[in-house]
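To start, the structure under review is shown below, and the notes come after it.
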Amino acid sequence: MCEFCHTHGEGKKWYLQARNYSDDLLADLRRRRFIEDFFRHPESTKDDMERLDRLHQAPRWLQSLIRRRVTGRMKRVHYGQVVPLEDVERIFGMVNSIVRLACYCRHLELGSEKRYCYGFSMTPGGGLPEILRRLDDSFVNGPHTAGLETLSREEALAAFREHEKEGLCHSVWTFHAPFIGGLCNCDRSDCLALKTTVTHGVPILFRAEYVAVLDAAACDGCRLCLQTCQFGGLTYRPSLKQVFIDPRWCYGCGVCRARCKRDAIRLVDRREVPAAARLW
Ligand code: SF4
Ligand code: SF4
């Protein structure tokens with residue numbers, strides 16, 4: 001189990017604990033202010049990213065110090081974890097209000113609106129959706145749309161299935177831990193969290209509680225899954241005419257599983273795979 005499961009989940013999956021979604025946590029003014037500033041001032045995230053792009057130029061000791069500091073701060077204010085579709089469904093089963101909004105990262109990276117982010121709340125109309133509505137920000141609402149979209153659980157889950165077909169990996173996010181306010185759909189080219197974590201080696205999200213394993217007898221070596229992995233977890237072995245899943249690199253997103261037509265990939269508890277059990 002990841003560190004958050006121990007600190008915020010009493011040894012169970014922290015993002016499946018109802019109290020971490022409670023609107024009571026939003027009574028903390030510091031937390032509310034953080035959320036408002038986060039969405040109102042995307043330029044500060046852009047500045048942070050530009051600094052990270054130059055990180056490799058710093059001496060090694062300084063790189064390591066900065067990495068530790070950024071990860072430590074993000075664990076307090078805005079940290080995530082990769083979650084497979086079945087856990088997205090469990091999360092949607094716990095909340096009562098779901099809105100879809102323009103993706104913060106794609107807004108910064110591409111300057112265009114991609115509706116890959118979802119906010120939710122236990123109380124209908126409350127929580128993060130209520131804060132987002134009040135912000136009345138052209139980024140949050142998107143320049144070409146009428147505003148936040150309210151979705152039913154079924155609609156939201158259907159949208160996540162489509163995102164998975166696009167090859168996007170799902171992630172759940174805190175806004176001042178342990179409060180959980182949203183789910184995103186990430187890819188390494190445009191998602192700042194994956195860039196920060198994987199490209200720059202500064203973790204701001206945990207790997208999933210799962211890891212993918214291959215049923216070698218079922219795999220016919222078609223390689224459809226190979227194009228899906230954002231993390232370098234899959235390679236093709238020509239001599240065996242099969243793919244190989246390296247548990248040391250697998251983030252447990254399950255996107256390769258969705259692509260396999262032979263059901264040759266499944267997700268298992270990360271703790272069951274010694275090579276991955278301690279990798280977060
Ligand atoms: S998509 Fe499935 S059958 Fe094809 S290579 Fe990947 S695991 Fe094997
Ligand atoms: S191997 Fe599959 S489950 Fe693991 S990170 Fe890559 S796409 Fe996700």
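Numbering starts fresh at 1 for the residues of each chain in the structure tokens, the chains themselves are lettered A, B, ... in the order given, and ligands are numbered from 1 as they appear.
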
Using 10 Å as the limit and counting only C-alpha atoms and all ligand atoms, can you tabulate each residue of chain A that touches ligand 2, with its shortest atom-to-atom distance in Å and the two atoms involved, as a tab-separated table?
residue	atom	partner	partner_atom_place_in_ligand_line	distance
A:Val82	CA	ligand 2	8 (Fe)	9.1
A:Val83	CA	ligand 2	8 (Fe)	9.9
A:Pro84	CA	ligand 2	3 (S)	8.4
A:Gly167	CA	ligand 2	7 (S)	8.4
A:Leu168	CA	ligand 2	7 (S)	9.3
A:Cys169	CA	ligand 2	8 (Fe)	7.4
A:His170	CA	ligand 2	8 (Fe)	9.9
A:Arg207	CA	ligand 2	5 (S)	8.5
A:Ala208	CA	ligand 2	5 (S)	8.8
A:Tyr210	CA	ligand 2	3 (S)	8.1
A:Val211	CA	ligand 2	4 (Fe)	6.0
A:Ala212	CA	ligand 2	3 (S)	4.8
A:Val213	CA	ligand 2	1 (S)	8.1
A:Leu214	CA	ligand 2	1 (S)	9.4
A:Cys225	CA	ligand 2	7 (S)	7.4
A:Leu226	CA	ligand 2	7 (S)	7.9
A:Gln227	CA	ligand 2	7 (S)	8.6
A:Thr228	CA	ligand 2	7 (S)	5.5
A:Cys229	CA	ligand 2	7 (S)	3.7
A:Gln230	CA	ligand 2	6 (Fe)	6.1
A:Phe231	CA	ligand 2	5 (S)	5.4
A:Gly232	CA	ligand 2	6 (Fe)	6.4
A:Gly233	CA	ligand 2	1 (S)	4.3
A:Leu234	CA	ligand 2	1 (S)	5.2
A:Thr235	CA	ligand 2	1 (S)	9.0
A:Val243	CA	ligand 2	1 (S)	9.9
A:Phe244	CA	ligand 2	1 (S)	8.7
A:Ile245	CA	ligand 2	1 (S)	5.7
A:Asp246	CA	ligand 2	1 (S)	7.2
A:Pro247	CA	ligand 2	4 (Fe)	7.3
A:Arg248	CA	ligand 2	4 (Fe)	9.3
A:Trp249	CA	ligand 2	5 (S)	6.7
A:Cys250	CA	ligand 2	4 (Fe)	3.6
A:Tyr251	CA	ligand 2	5 (S)	3.9
A:Gly252	CA	ligand 2	3 (S)	3.9
A:Cys253	CA	ligand 2	8 (Fe)	3.9
A:Gly254	CA	ligand 2	3 (S)	3.9
A:Val255	CA	ligand 2	7 (S)	4.7
A:Cys256	CA	ligand 2	7 (S)	4.3
A:Arg257	CA	ligand 2	2 (Fe)	6.4
A:Ala258	CA	ligand 2	2 (Fe)	9.0
A:Arg259	CA	ligand 2	7 (S)	9.1
A:Ile265	CA	ligand 2	2 (Fe)	8.0
A:Arg266	CA	ligand 2	3 (S)	8.3
A:Leu267	CA	ligand 2	3 (S)	7.1
A:Val268	CA	ligand 2	3 (S)	9.9

Protein and nucleic residues near ligand 1, 6 Å, only C-alpha atoms and all ligand atoms, as number ranges by chain:
A: 219-225, 242-243, 259-262, 264-265

Could you give me, as a Markdown table, every region 66-116 of chain A residue with an atom at most 8 Å from region 180-201 of chain A, plus its closest atom pair and distance in Å to one decimal, counting only C-alpha atoms, rows ordered by chain then number?
| residue | atom | partner | partner_atom | distance |
| --- | --- | --- | --- | --- |
| A:Arg67 | CA | A:Gly201 | CA | 7.6 |
| A:Cys103 | CA | A:Cys184 | CA | 7.8 |
| A:Cys105 | CA | A:Cys191 | CA | 5.5 |
| A:Arg106 | CA | A:Asp190 | CA | 5.9 |
| A:Glu109 | CA | A:Asp190 | CA | 6.1 |
| A:Leu110 | CA | A:Asp190 | CA | 7.6 |
| A:Tyr116 | CA | A:Asn185 | CA | 5.5 |

Just to be explicit: take each residue in the selection above, keep N, CA and C atoms, and write the result as a JSON list (two decimals), in the first residue's frame.
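Result saved to selection20.json:
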[["chain", "number", "residue", "atom", "x", "y", "z"],
["A", 67, "ARG", "N", 14.21, 17.93, -5.87],
["A", 67, "ARG", "CA", 13.25, 16.82, -6.07],
["A", 67, "ARG", "C", 12.53, 16.49, -4.76],
["A", 103, "CYS", "N", -9.27, 20.59, -19.07],
["A", 103, "CYS", "CA", -8.05, 20.12, -18.40],
["A", 103, "CYS", "C", -7.07, 21.27, -18.21],
["A", 105, "CYS", "N", -3.87, 21.09, -17.46],
["A", 105, "CYS", "CA", -2.57, 20.88, -18.12],
["A", 105, "CYS", "C", -2.65, 21.17, -19.61],
["A", 106, "ARG", "N", -3.67, 20.65, -20.27],
["A", 106, "ARG", "CA", -3.77, 20.88, -21.73],
["A", 106, "ARG", "C", -4.00, 22.35, -22.02],
["A", 109, "GLU", "N", -0.44, 23.62, -21.74],
["A", 109, "GLU", "CA", 0.50, 23.05, -22.72],
["A", 109, "GLU", "C", 0.08, 23.31, -24.16],
["A", 110, "LEU", "N", -1.22, 23.18, -24.42],
["A", 110, "LEU", "CA", -1.69, 23.25, -25.81],
["A", 110, "LEU", "C", -2.44, 24.55, -26.11],
["A", 116, "TYR", "N", -10.89, 16.71, -20.04],
["A", 116, "TYR", "CA", -10.43, 15.45, -19.48],
["A", 116, "TYR", "C", -10.45, 15.45, -17.95]]

Name the residues in contact with Leu25 (chain A) at a cut-off of 10 Å, using only C-alpha atoms, excluding same-chain residues fewer than 2 positions from it; report them as a PyMOL selection string.
chain A and resi 19-23+27-29+31-32+127+176-180

Of the candidates A:Arg100, A:Lys165, A:Arg134, A:Arg40, which shows the shortest atom-to-atom distance to Arg153 (chain A), using only C-alpha atoms?
A:Arg100

Name the residues of region 31-242 of chain A that come out as alpha helix (DSSP H) in a backbone DSSP run; write them as a ChimeraX atom specification.
/A:31-40,42-53,60-77,85-94,104-110,127-135,138-141,153-165,192-194

Any idea what's packed within 6 Å of Leu205 (chain A), counting only C-alpha atoms, ignoring anything in its chain fewer than 2 positions away? Could you give it as a VMD selection string?
chain A and resid 79 to 81 203

Just N, CA and C atoms for this one: save the residues we selected as a PDB file, in the first residue's frame.
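Contents of the output file part_27.pdb:
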ATOM      1  N   TYR A  79      -1.361  16.052  -4.595  1.00  0.00           N
ATOM      2  CA  TYR A  79      -0.666  14.824  -4.982  1.00  0.00           C
ATOM      3  C   TYR A  79      -1.687  13.855  -5.559  1.00  0.00           C
ATOM      4  N   GLY A  80      -1.224  12.986  -6.421  1.00  0.00           N
ATOM      5  CA  GLY A  80      -2.165  12.087  -7.084  1.00  0.00           C
ATOM      6  C   GLY A  80      -1.736  10.636  -7.029  1.00  0.00           C
ATOM      7  N   GLN A  81      -2.584   9.802  -7.587  1.00  0.00           N
ATOM      8  CA  GLN A  81      -2.244   8.383  -7.752  1.00  0.00           C
ATOM      9  C   GLN A  81      -2.935   7.856  -9.000  1.00  0.00           C
ATOM     10  N   PRO A 203       8.606  12.869  -8.385  1.00  0.00           N
ATOM     11  CA  PRO A 203       7.287  12.251  -8.207  1.00  0.00           C
ATOM     12  C   PRO A 203       6.259  13.212  -7.620  1.00  0.00           C
TER      13      PRO A 203
END

Restricting the calculation to only C-alpha atoms, which member of A:Glu50, A:Arg90, A:Thr174, A:Ile98 is positioned closest to His8 (chain A)?
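Counting only C-alpha atoms, the residue closest to His8 (chain A) is A:Thr174.
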
Rank A:Leu55, A:Leu101, A:Met122, A:Val95 by their smallest atom-to-atom distance to Thr150 (chain A), using only C-alpha atoms, and report the top residue only.
A:Leu101

Do you have the CA of Lys114 (chain A)-CA of Leu157 (chain A) distance handy?
17.1 Å

Calculate how many Å separate CA of Leu52 (chain A) from CA of Ala275 (chain A), rounding to one decimal.
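Taking CA of Leu52 (chain A) as the start and CA of Ala275 (chain A) as the end point, the length is 29.3 Å.
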
Please measure the separation of CA of Ile66 (chain A) and CA of Ile204 (chain A), giving the value in Å to one decimal.
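Rounded to one decimal, the two atoms are 12.7 Å apart.
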
From the list A:Ser171, A:Ser44, A:Asn96, A:Thr71, which residue is nearest Ser152 (chain A) when using only C-alpha atoms?
A:Asn96

Pick from A:Phe34, A:Glu154, A:Ile91, A:Glu10, whichever lies nearest to Arg76 (chain A) using only C-alpha atoms
A:Phe34

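Between Ala217 (chain A) and the candidates A:Lys241, A:Arg68, A:Thr123, A:Val202, the tightest atom-to-atom separation, counting only C-alpha atoms, involves A:Lys241.
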
Just the strand (DSSP E) stuff from region 112-197 of chain A, please, per backbone DSSP, written as number ranges by chain.
A: 117-121, 149-151, 169-174, 180-186
